[in-house]
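Okay, start.pdb is below, PDB, C-alpha atoms and all ligand atoms:
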```
ATOM      1  CA  MET O   7     -22.540 -94.560 -27.013  1.00  0.00           C
ATOM      2  CA  ALA O   8     -20.760 -91.182 -26.862  1.00  0.00           C
ATOM      3  CA  ALA O   9     -20.683 -88.533 -24.138  1.00  0.00           C
ATOM      4  CA  PRO O  10     -19.521 -84.908 -24.531  1.00  0.00           C
ATOM      5  CA  GLY O  11     -15.775 -84.621 -24.049  1.00  0.00           C
ATOM      6  CA  MET O  12     -15.011 -88.075 -25.392  1.00  0.00           C
ATOM      7  CA  ARG O  13     -12.385 -88.461 -28.099  1.00  0.00           C
ATOM      8  CA  ILE O  14     -13.610 -90.671 -30.885  1.00  0.00           C
ATOM      9  CA  GLY O  15     -11.797 -91.738 -34.037  1.00  0.00           C
ATOM     10  CA  LEU O  16     -13.930 -92.315 -37.135  1.00  0.00           C
ATOM     11  CA  LEU O  17     -12.741 -94.916 -39.617  1.00  0.00           C
ATOM     12  CA  GLY O  18     -15.073 -94.743 -42.597  1.00  0.00           C
ATOM     13  CA  GLY O  19     -14.737 -97.591 -45.009  1.00  0.00           C
ATOM     14  CA  SER O  20     -16.226-100.047 -47.444  1.00  0.00           C
ATOM     15  CA  PHE O  21     -15.039-102.944 -45.255  1.00  0.00           C
ATOM     16  CA  ASP O  22     -15.562-105.362 -48.147  1.00  0.00           C
ATOM     17  CA  PRO O  23     -14.364-107.241 -46.174  1.00  0.00           C
ATOM     18  CA  ALA O  24     -12.818-105.896 -42.945  1.00  0.00           C
ATOM     19  CA  HIS O  25      -9.310-107.201 -42.246  1.00  0.00           C
ATOM     20  CA  GLU O  26      -6.596-107.160 -39.603  1.00  0.00           C
ATOM     21  CA  ALA O  27      -5.011-103.936 -40.882  1.00  0.00           C
ATOM     22  CA  HIS O  28      -8.256-102.096 -40.061  1.00  0.00           C
ATOM     23  CA  ARG O  29      -7.873-103.370 -36.511  1.00  0.00           C
ATOM     24  CA  GLU O  30      -4.150-102.539 -36.403  1.00  0.00           C
ATOM     25  CA  ILE O  31      -4.585 -98.938 -37.582  1.00  0.00           C
ATOM     26  CA  SER O  32      -7.445 -98.515 -35.109  1.00  0.00           C
ATOM     27  CA  LEU O  33      -5.215 -99.690 -32.258  1.00  0.00           C
ATOM     28  CA  THR O  34      -2.510 -97.288 -33.431  1.00  0.00           C
ATOM     29  CA  ALA O  35      -5.012 -94.426 -33.445  1.00  0.00           C
ATOM     30  CA  LEU O  36      -6.424 -95.344 -30.025  1.00  0.00           C
ATOM     31  CA  LYS O  37      -2.967 -95.221 -28.508  1.00  0.00           C
ATOM     32  CA  ARG O  38      -1.280 -92.376 -30.347  1.00  0.00           C
ATOM     33  CA  LEU O  39      -4.265 -90.016 -30.350  1.00  0.00           C
ATOM     34  CA  GLY O  40      -5.368 -90.950 -26.818  1.00  0.00           C
ATOM     35  CA  LEU O  41      -8.831 -91.913 -28.072  1.00  0.00           C
ATOM     36  CA  ASP O  42     -11.663 -93.339 -25.973  1.00  0.00           C
ATOM     37  CA  GLN O  43     -13.111 -95.222 -28.925  1.00  0.00           C
ATOM     38  CA  VAL O  44     -12.777 -95.843 -32.644  1.00  0.00           C
ATOM     39  CA  TRP O  45     -15.950 -96.238 -34.673  1.00  0.00           C
ATOM     40  CA  TRP O  46     -15.849 -98.206 -37.898  1.00  0.00           C
ATOM     41  CA  LEU O  47     -18.435 -96.472 -40.061  1.00  0.00           C
ATOM     42  CA  VAL O  48     -19.445 -98.992 -42.701  1.00  0.00           C
ATOM     43  CA  THR O  49     -20.383 -96.878 -45.693  1.00  0.00           C
ATOM     44  CA  PRO O  50     -23.443 -97.529 -47.856  1.00  0.00           C
ATOM     45  CA  GLY O  51     -20.982 -97.103 -50.729  1.00  0.00           C
ATOM     46  CA  ASN O  52     -17.816 -95.208 -51.587  1.00  0.00           C
ATOM     47  CA  PRO O  53     -19.030 -92.635 -54.166  1.00  0.00           C
ATOM     48  CA  LEU O  54     -15.798 -93.123 -56.145  1.00  0.00           C
ATOM     49  CA  LYS O  55     -15.999 -96.919 -56.376  1.00  0.00           C
ATOM     50  CA  ASP O  56     -18.165 -99.308 -58.369  1.00  0.00           C
ATOM     51  CA  VAL O  57     -20.629-100.513 -55.715  1.00  0.00           C
ATOM     52  CA  SER O  58     -22.729-102.781 -57.922  1.00  0.00           C
ATOM     53  CA  ARG O  59     -21.289-105.904 -56.227  1.00  0.00           C
ATOM     54  CA  LEU O  60     -20.937-104.446 -52.747  1.00  0.00           C
ATOM     55  CA  PRO O  61     -22.700-106.542 -50.075  1.00  0.00           C
ATOM     56  CA  GLY O  62     -25.293-104.751 -47.919  1.00  0.00           C
ATOM     57  CA  VAL O  63     -24.309-102.689 -44.890  1.00  0.00           C
ATOM     58  CA  ALA O  64     -25.730-105.198 -42.362  1.00  0.00           C
ATOM     59  CA  ALA O  65     -23.669-108.067 -43.787  1.00  0.00           C
ATOM     60  CA  ARG O  66     -20.469-106.002 -43.794  1.00  0.00           C
ATOM     61  CA  VAL O  67     -21.117-104.797 -40.237  1.00  0.00           C
ATOM     62  CA  ALA O  68     -21.615-108.401 -39.046  1.00  0.00           C
ATOM     63  CA  ASP O  69     -18.347-109.504 -40.699  1.00  0.00           C
ATOM     64  CA  ALA O  70     -16.436-106.483 -39.411  1.00  0.00           C
ATOM     65  CA  GLU O  71     -17.547-107.172 -35.829  1.00  0.00           C
ATOM     66  CA  LYS O  72     -15.716-110.503 -35.994  1.00  0.00           C
ATOM     67  CA  ILE O  73     -12.494-108.687 -36.945  1.00  0.00           C
ATOM     68  CA  ALA O  74     -12.776-105.752 -34.530  1.00  0.00           C
ATOM     69  CA  ARG O  75     -12.522-107.849 -31.320  1.00  0.00           C
ATOM     70  CA  HIS O  76     -11.806-104.910 -29.040  1.00  0.00           C
ATOM     71  CA  PRO O  77     -14.010-103.209 -26.434  1.00  0.00           C
ATOM     72  CA  ARG O  78     -13.089 -99.740 -27.728  1.00  0.00           C
ATOM     73  CA  ILE O  79     -13.706-100.480 -31.409  1.00  0.00           C
ATOM     74  CA  LYS O  80     -17.381-100.109 -32.310  1.00  0.00           C
ATOM     75  CA  VAL O  81     -18.742-101.174 -35.680  1.00  0.00           C
ATOM     76  CA  THR O  82     -21.750 -99.331 -37.020  1.00  0.00           C
ATOM     77  CA  GLY O  83     -23.696 -98.707 -40.194  1.00  0.00           C
ATOM     78  CA  PHE O  84     -24.538 -95.182 -38.974  1.00  0.00           C
ATOM     79  CA  ASP O  85     -24.705 -92.880 -41.989  1.00  0.00           C
ATOM     80  CA  GLY O  86     -26.621 -90.048 -40.385  1.00  0.00           C
ATOM     81  CA  GLY O  87     -29.634 -90.879 -42.504  1.00  0.00           C
ATOM     82  CA  THR O  88     -27.809 -89.646 -45.589  1.00  0.00           C
ATOM     83  CA  GLY O  89     -27.623 -92.996 -47.372  1.00  0.00           C
ATOM     84  CA  SER O  90     -25.104 -91.289 -49.600  1.00  0.00           C
ATOM     85  CA  GLY O  91     -21.562 -92.313 -48.649  1.00  0.00           C
ATOM     86  CA  TYR O  92     -20.458 -88.678 -48.788  1.00  0.00           C
ATOM     87  CA  THR O  93     -18.171 -88.022 -45.846  1.00  0.00           C
ATOM     88  CA  VAL O  94     -19.032 -84.350 -45.568  1.00  0.00           C
ATOM     89  CA  ASP O  95     -22.697 -85.275 -44.955  1.00  0.00           C
ATOM     90  CA  LEU O  96     -21.721 -87.989 -42.489  1.00  0.00           C
ATOM     91  CA  LEU O  97     -19.520 -85.647 -40.455  1.00  0.00           C
ATOM     92  CA  LEU O  98     -22.188 -82.940 -40.337  1.00  0.00           C
ATOM     93  CA  ALA O  99     -24.723 -85.524 -39.129  1.00  0.00           C
ATOM     94  CA  LEU O 100     -22.369 -86.887 -36.460  1.00  0.00           C
ATOM     95  CA  LYS O 101     -21.528 -83.449 -35.132  1.00  0.00           C
ATOM     96  CA  ARG O 102     -25.229 -82.604 -34.902  1.00  0.00           C
ATOM     97  CA  ARG O 103     -26.093 -85.896 -33.220  1.00  0.00           C
ATOM     98  CA  PHE O 104     -23.190 -85.896 -30.727  1.00  0.00           C
ATOM     99  CA  PRO O 105     -22.430 -82.299 -29.707  1.00  0.00           C
ATOM    100  CA  GLY O 106     -19.309 -81.851 -27.587  1.00  0.00           C
ATOM    101  CA  VAL O 107     -17.656 -85.073 -28.766  1.00  0.00           C
ATOM    102  CA  HIS O 108     -14.125 -84.635 -30.136  1.00  0.00           C
ATOM    103  CA  PHE O 109     -14.189 -86.526 -33.415  1.00  0.00           C
ATOM    104  CA  VAL O 110     -11.078 -87.275 -35.493  1.00  0.00           C
ATOM    105  CA  TRP O 111     -11.360 -88.604 -39.039  1.00  0.00           C
ATOM    106  CA  LEU O 112      -9.009 -91.541 -39.639  1.00  0.00           C
ATOM    107  CA  MET O 113      -7.930 -92.777 -43.043  1.00  0.00           C
ATOM    108  CA  GLY O 114      -5.197 -94.656 -44.830  1.00  0.00           C
ATOM    109  CA  ALA O 115      -2.630 -92.707 -46.836  1.00  0.00           C
ATOM    110  CA  ASP O 116      -4.197 -93.989 -50.075  1.00  0.00           C
ATOM    111  CA  ASN O 117      -7.312 -91.992 -49.268  1.00  0.00           C
ATOM    112  CA  LEU O 118      -5.381 -88.826 -48.496  1.00  0.00           C
ATOM    113  CA  ALA O 119      -3.750 -89.069 -51.922  1.00  0.00           C
ATOM    114  CA  GLY O 120      -7.196 -88.996 -53.566  1.00  0.00           C
ATOM    115  CA  LEU O 121      -8.985 -86.723 -51.127  1.00  0.00           C
ATOM    116  CA  HIS O 122      -9.137 -83.829 -53.574  1.00  0.00           C
ATOM    117  CA  ARG O 123     -11.730 -85.884 -55.510  1.00  0.00           C
ATOM    118  CA  TRP O 124     -14.065 -86.111 -52.495  1.00  0.00           C
ATOM    119  CA  ARG O 125     -17.122 -83.909 -52.340  1.00  0.00           C
ATOM    120  CA  ALA O 126     -16.392 -80.624 -50.504  1.00  0.00           C
ATOM    121  CA  TRP O 127     -12.979 -81.807 -49.283  1.00  0.00           C
ATOM    122  CA  PRO O 128     -11.857 -78.386 -47.990  1.00  0.00           C
ATOM    123  CA  GLU O 129     -15.008 -78.336 -45.869  1.00  0.00           C
ATOM    124  CA  ILE O 130     -14.104 -81.757 -44.469  1.00  0.00           C
ATOM    125  CA  PHE O 131     -10.770 -80.305 -43.282  1.00  0.00           C
ATOM    126  CA  GLY O 132     -12.713 -77.583 -41.507  1.00  0.00           C
ATOM    127  CA  LEU O 133     -15.049 -79.986 -39.695  1.00  0.00           C
ATOM    128  CA  VAL O 134     -12.743 -82.364 -37.798  1.00  0.00           C
ATOM    129  CA  PRO O 135      -9.029 -82.964 -37.229  1.00  0.00           C
ATOM    130  CA  ILE O 136      -7.657 -85.705 -39.500  1.00  0.00           C
ATOM    131  CA  ALA O 137      -5.112 -88.449 -38.820  1.00  0.00           C
ATOM    132  CA  VAL O 138      -3.662 -90.294 -41.803  1.00  0.00           C
ATOM    133  CA  LEU O 139      -2.367 -93.820 -41.269  1.00  0.00           C
ATOM    134  CA  ASP O 140       0.648 -94.813 -43.302  1.00  0.00           C
ATOM    135  CA  ARG O 141       0.125 -97.512 -45.948  1.00  0.00           C
ATOM    136  CA  PRO O 142       2.548 -99.374 -48.251  1.00  0.00           C
ATOM    137  CA  GLY O 143       2.865 -97.759 -51.655  1.00  0.00           C
ATOM    138  CA  TYR O 144       1.509 -94.459 -50.429  1.00  0.00           C
ATOM    139  CA  ARG O 145       4.160 -93.395 -47.933  1.00  0.00           C
ATOM    140  CA  LEU O 146       5.410 -90.537 -50.113  1.00  0.00           C
ATOM    141  CA  ARG O 147       2.159 -89.680 -51.826  1.00  0.00           C
ATOM    142  CA  PRO O 148       0.723 -87.513 -49.046  1.00  0.00           C
ATOM    143  CA  ALA O 149       3.653 -85.176 -49.563  1.00  0.00           C
ATOM    144  CA  ARG O 150       2.321 -84.481 -53.053  1.00  0.00           C
ATOM    145  CA  ALA O 151      -1.370 -84.563 -52.254  1.00  0.00           C
ATOM    146  CA  LYS O 152      -3.337 -81.368 -52.853  1.00  0.00           C
ATOM    147  CA  PRO O 153      -4.826 -81.321 -49.342  1.00  0.00           C
ATOM    148  CA  ARG O 154      -1.361 -80.974 -47.921  1.00  0.00           C
ATOM    149  CA  THR O 155      -0.718 -77.942 -50.058  1.00  0.00           C
ATOM    150  CA  ALA O 156      -4.014 -76.435 -48.992  1.00  0.00           C
ATOM    151  CA  SER O 157      -3.457 -77.081 -45.321  1.00  0.00           C
ATOM    152  CA  ARG O 158       0.282 -76.729 -44.873  1.00  0.00           C
ATOM    153  CA  PRO O 159       0.040 -74.245 -41.988  1.00  0.00           C
ATOM    154  CA  ILE O 160      -1.926 -76.692 -39.872  1.00  0.00           C
ATOM    155  CA  THR O 161       0.083 -79.859 -40.471  1.00  0.00           C
ATOM    156  CA  TRP O 162       1.065 -81.217 -37.070  1.00  0.00           C
ATOM    157  CA  ASP O 163       4.111 -83.204 -36.261  1.00  0.00           C
ATOM    158  CA  GLU O 164       3.085 -86.698 -35.252  1.00  0.00           C
ATOM    159  CA  THR O 165       4.926 -86.382 -31.962  1.00  0.00           C
ATOM    160  CA  ASP O 166       2.141 -83.930 -31.035  1.00  0.00           C
ATOM    161  CA  ALA O 167      -0.563 -86.405 -32.064  1.00  0.00           C
ATOM    162  CA  LEU O 168      -1.998 -86.704 -28.560  1.00  0.00           C
ATOM    163  CA  ALA O 169      -3.169 -83.094 -28.844  1.00  0.00           C
ATOM    164  CA  LEU O 170      -4.821 -83.538 -32.249  1.00  0.00           C
ATOM    165  CA  PRO O 171      -8.355 -84.543 -31.123  1.00  0.00           C
ATOM    166  CA  LEU O 172      -8.734 -81.344 -29.110  1.00  0.00           C
ATOM    167  CA  LEU O 173      -7.420 -78.993 -31.788  1.00  0.00           C
ATOM    168  CA  GLU O 174      -9.725 -76.675 -33.649  1.00  0.00           C
ATOM    169  CA  PRO O 175      -9.777 -77.855 -37.283  1.00  0.00           C
ATOM    170  CA  PRO O 176      -8.256 -77.573 -39.797  1.00  0.00           C
ATOM    171  CA  ALA O 177      -5.465 -79.693 -38.328  1.00  0.00           C
ATOM    172  CA  TRP O 178      -4.031 -82.952 -39.514  1.00  0.00           C
ATOM    173  CA  THR O 179      -1.107 -85.279 -39.039  1.00  0.00           C
ATOM    174  CA  ILE O 180       0.326 -88.508 -40.408  1.00  0.00           C
ATOM    175  CA  LEU O 181       0.804 -91.465 -38.090  1.00  0.00           C
ATOM    176  CA  SER O 182       3.672 -93.637 -39.270  1.00  0.00           C
ATOM    177  CA  ARG O 183       3.603 -97.218 -38.103  1.00  0.00           C
ATOM    178  CA  GLN O 184       4.724-100.681 -38.947  1.00  0.00           C
ATOM    179  CA  LEU O 185       3.222-101.036 -42.422  1.00  0.00           C
ATOM    180  CA  SER O 186       0.661-103.666 -43.344  1.00  0.00           C
ATOM    181  CA  GLY O 187       0.090-104.680 -46.947  1.00  0.00           C
ATOM    182  CA  LEU O 188      -3.368-106.130 -46.239  1.00  0.00           C
ATOM    183  CA  SER O 189      -6.200-104.887 -48.430  1.00  0.00           C
ATOM    184  CA  SER O 190      -9.832-105.840 -49.024  1.00  0.00           C
ATOM    185  CA  THR O 191      -9.193-106.005 -52.771  1.00  0.00           C
ATOM    186  CA  ALA O 192      -6.390-108.557 -52.270  1.00  0.00           C
ATOM    187  CA  LEU O 193      -8.622-110.600 -49.933  1.00  0.00           C
ATOM    188  CA  ARG O 194     -11.493-110.628 -52.436  1.00  0.00           C
ATOM    189  CA  GLU O 195      -9.107-111.730 -55.194  1.00  0.00           C
ATOM    190  CA  THR O 196      -7.773-114.570 -53.009  1.00  0.00           C
ATOM    191  CA  VAL O 197     -11.320-115.764 -52.240  1.00  0.00           C
ATOM    192  CA  ALA O 198     -12.275-115.537 -55.943  1.00  0.00           C
ATOM    193  CA  LYS O 199      -9.234-117.643 -56.979  1.00  0.00           C
ATOM    194  CA  SER O 200      -9.801-120.287 -54.309  1.00  0.00           C
ATOM    195  CA  GLY O 201     -13.535-120.485 -55.083  1.00  0.00           C
TER     196      GLY O 201
HETATM  197  N1  LIG O 301      -3.206-101.915 -44.846  1.00  0.00           N
HETATM  198  C1  LIG O 301      -3.687-100.698 -44.518  1.00  0.00           C
HETATM  199  N2  LIG O 301      -2.880 -99.734 -44.009  1.00  0.00           N
HETATM  200  C2  LIG O 301      -3.368 -98.485 -43.717  1.00  0.00           C
HETATM  201  N3  LIG O 301      -4.665 -98.117 -43.902  1.00  0.00           N
HETATM  202  C3  LIG O 301      -5.514 -99.041 -44.400  1.00  0.00           C
HETATM  203  C4  LIG O 301      -5.080-100.389 -44.724  1.00  0.00           C
HETATM  204  N4  LIG O 301      -6.149-101.067 -45.191  1.00  0.00           N
HETATM  205  C5  LIG O 301      -7.189-100.218 -45.159  1.00  0.00           C
HETATM  206  N5  LIG O 301      -6.834 -98.997 -44.695  1.00  0.00           N
HETATM  207  C6  LIG O 301      -7.689 -97.810 -44.528  1.00  0.00           C
HETATM  208  O1  LIG O 301      -8.885 -98.216 -43.865  1.00  0.00           O
HETATM  209  C7  LIG O 301     -10.007 -97.476 -44.371  1.00  0.00           C
HETATM  210  C8  LIG O 301     -11.085 -98.425 -44.856  1.00  0.00           C
HETATM  211  O2  LIG O 301     -10.493 -99.207 -45.879  1.00  0.00           O
HETATM  212  P1  LIG O 301     -11.325-100.119 -46.908  1.00  0.00           P
HETATM  213  O3  LIG O 301     -12.533-100.667 -46.228  1.00  0.00           O
HETATM  214  O4  LIG O 301     -11.506 -99.433 -48.199  1.00  0.00           O
HETATM  215  O5  LIG O 301     -10.309-101.329 -47.107  1.00  0.00           O
HETATM  216  P2  LIG O 301      -9.154-101.400 -48.187  1.00  0.00           P
HETATM  217  O6  LIG O 301      -8.289-102.543 -47.822  1.00  0.00           O
HETATM  218  O7  LIG O 301      -8.532-100.061 -48.374  1.00  0.00           O
HETATM  219  O8  LIG O 301     -10.030-101.763 -49.480  1.00  0.00           O
HETATM  220  P3  LIG O 301      -9.574-101.776 -51.019  1.00  0.00           P
HETATM  221  O9  LIG O 301      -8.464-102.747 -51.155  1.00  0.00           O
HETATM  222  O10 LIG O 301     -10.825-102.247 -51.717  1.00  0.00           O
HETATM  223  O11 LIG O 301      -9.210-100.348 -51.336  1.00  0.00           O
HETATM  224  C9  LIG O 301      -9.474 -96.592 -45.490  1.00  0.00           C
HETATM  225  O12 LIG O 301      -9.210 -95.287 -44.949  1.00  0.00           O
HETATM  226  C10 LIG O 301      -8.162 -97.266 -45.870  1.00  0.00           C
HETATM  227  O13 LIG O 301      -7.220 -96.340 -46.398  1.00  0.00           O
HETATM  228  O1  LIG O 302     -17.217 -87.912 -49.647  1.00  0.00           O
HETATM  229  C1  LIG O 302     -16.704 -88.381 -50.665  1.00  0.00           C
HETATM  230  O2  LIG O 302     -16.773 -87.786 -51.778  1.00  0.00           O
HETATM  231  C2  LIG O 302     -15.970 -89.708 -50.556  1.00  0.00           C
HETATM  232  C3  LIG O 302     -15.261 -90.211 -51.640  1.00  0.00           C
HETATM  233  C4  LIG O 302     -14.589 -91.417 -51.475  1.00  0.00           C
HETATM  234  C5  LIG O 302     -14.662 -92.106 -50.278  1.00  0.00           C
HETATM  235  N1  LIG O 302     -15.373 -91.572 -49.249  1.00  0.00           N
HETATM  236  C6  LIG O 302     -15.467 -92.291 -47.971  1.00  0.00           C
HETATM  237  O3  LIG O 302     -14.176 -92.631 -47.539  1.00  0.00           O
HETATM  238  C7  LIG O 302     -14.213 -93.799 -46.733  1.00  0.00           C
HETATM  239  C8  LIG O 302     -13.186 -94.799 -47.205  1.00  0.00           C
HETATM  240  O4  LIG O 302     -13.671 -95.480 -48.342  1.00  0.00           O
HETATM  241  P1  LIG O 302     -12.987 -96.840 -48.771  1.00  0.00           P
HETATM  242  O5  LIG O 302     -13.873 -97.409 -49.869  1.00  0.00           O
HETATM  243  O6  LIG O 302     -11.621 -96.476 -49.232  1.00  0.00           O
HETATM  244  O7  LIG O 302     -12.987 -97.694 -47.576  1.00  0.00           O
HETATM  245  C9  LIG O 302     -15.657 -94.273 -46.770  1.00  0.00           C
HETATM  246  O8  LIG O 302     -16.293 -93.801 -45.615  1.00  0.00           O
HETATM  247  C10 LIG O 302     -16.177 -93.613 -48.022  1.00  0.00           C
HETATM  248  O9  LIG O 302     -17.593 -93.440 -48.021  1.00  0.00           O
HETATM  249  C11 LIG O 302     -16.027 -90.396 -49.380  1.00  0.00           C
END
```

Represent the structure of the file as structure tokens.
Amino acid sequence: MAAPGMRIGLLGGSFDPAHEAHREISLTALKRLGLDQVWWLVTPGNPLKDVSRLPGVAARVADAEKIARHPRIKVTGFDGGTGSGYTVDLLLALKRRFPGVHFVWLMGADNLAGLHRWRAWPEIFGLVPIAVLDRPGYRLRPARAKPRTASRPITWDETDALALPLLEPPAWTILSRQLSGLSSTALRETVAKSG
């Protein structure tokens, strides 16, 4: 699945359900970061969200595979045996399991804005480079986010994004792109109304 030296983007998510914007931001990351693959890591549950109605991992993986439709996008329920949904644990497990792979954590700008509420977020910045994908409504928020303040010296201009996967963390950048307003919440609401 992954050989030392490969550059792999990690898109952790609830994927409840997956949608075209997940595919679009993955294609952006593949191209702009020069990645070999992007892995969609379907979380057992976002620790900050109500997961009481979240479908099981296997069902969300199966649905996400239908959306991914790309040989370099791999969908997996790998959680490193943590079962927890905590990203710090997931990253530690991945780095142990795949030594020598250049991982980059990918996330939408909404998640950067709330990253200071994640468990051990400064440690996360020290584990892997991070690329933040622009998202409507959050374009300016990263500028105010605490992580930016904490990591200002290692903010990279996005024109240098190709170098990001090989940089020693902490290092992060924002990837601006044509915005997509798609969201899983909006999709679930549409299904609920039509049902
Ligand atoms: N339209 C989008 N633009 C940029 N990033 C996105 C977009 N949709 C999802 N993402 C990012 O993809 C990752 C996984 O997202 P997730 O599975 O939570 O879907 P979501 O649409 O954000 O769900 P919800 O609406 O419930 O918050 C997150 O890092 C999220 O920020
Ligand atoms: O580690 C944490 O404290 C943490 C808090 C919130 C979210 N996350 C992870 O962030 C990823 C994005 O979650 P979501 O629900 O926005 O798709 C997913 O992998 C979650 O498990 C992780």

Taking the file above as input, evaluate the PyMOL selection byres (((chain O and resi 68-76) around 8) and not hetatm) and report the hits as a PyMOL selection string. chain O and resi 21+23-26+29+64-67+77-81

key: Which of O:Trp124, O:Phe109, O:Trp45, O:Phe104 sits closest to ligand LIG 302 (chain O) [using all atoms listed in the file]   =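 That would be O:Trp124, the residue with the smallest distance to ligand LIG 302 (chain O).
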
Using only C-alpha atoms and all ligand atoms, the best pick from O:Pro50, O:Pro135, O:Gly87, O:Pro175 as closest to ligand LIG 302 (chain O) would be O:Pro50

Notebook entry, point to check: What is the distance between atom CA of His122 of chain O and atom N2 of ligand LIG 301 (chain O), in Å to one decimal?
Noted result: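 Between atom CA of His122 of chain O and atom N2 of ligand LIG 301 (chain O) the gap is 19.6 Å.
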
Check your understanding: Got a sec to check which residues lie within 6 Å of ligand LIG 302 (chain O), using all atoms listed in the file, and send them as a PyMOL selection string?
Key -> chain O and resi 18-20+49+51-54+91-94+124-125

- Given a cut-off of 7 Å, what residues near ligand LIG 301 (chain O) show up using all atoms listed in the file, put as a ChimeraX atom specification? /O:17-24,27-28,31,112-117,139-142,185-192
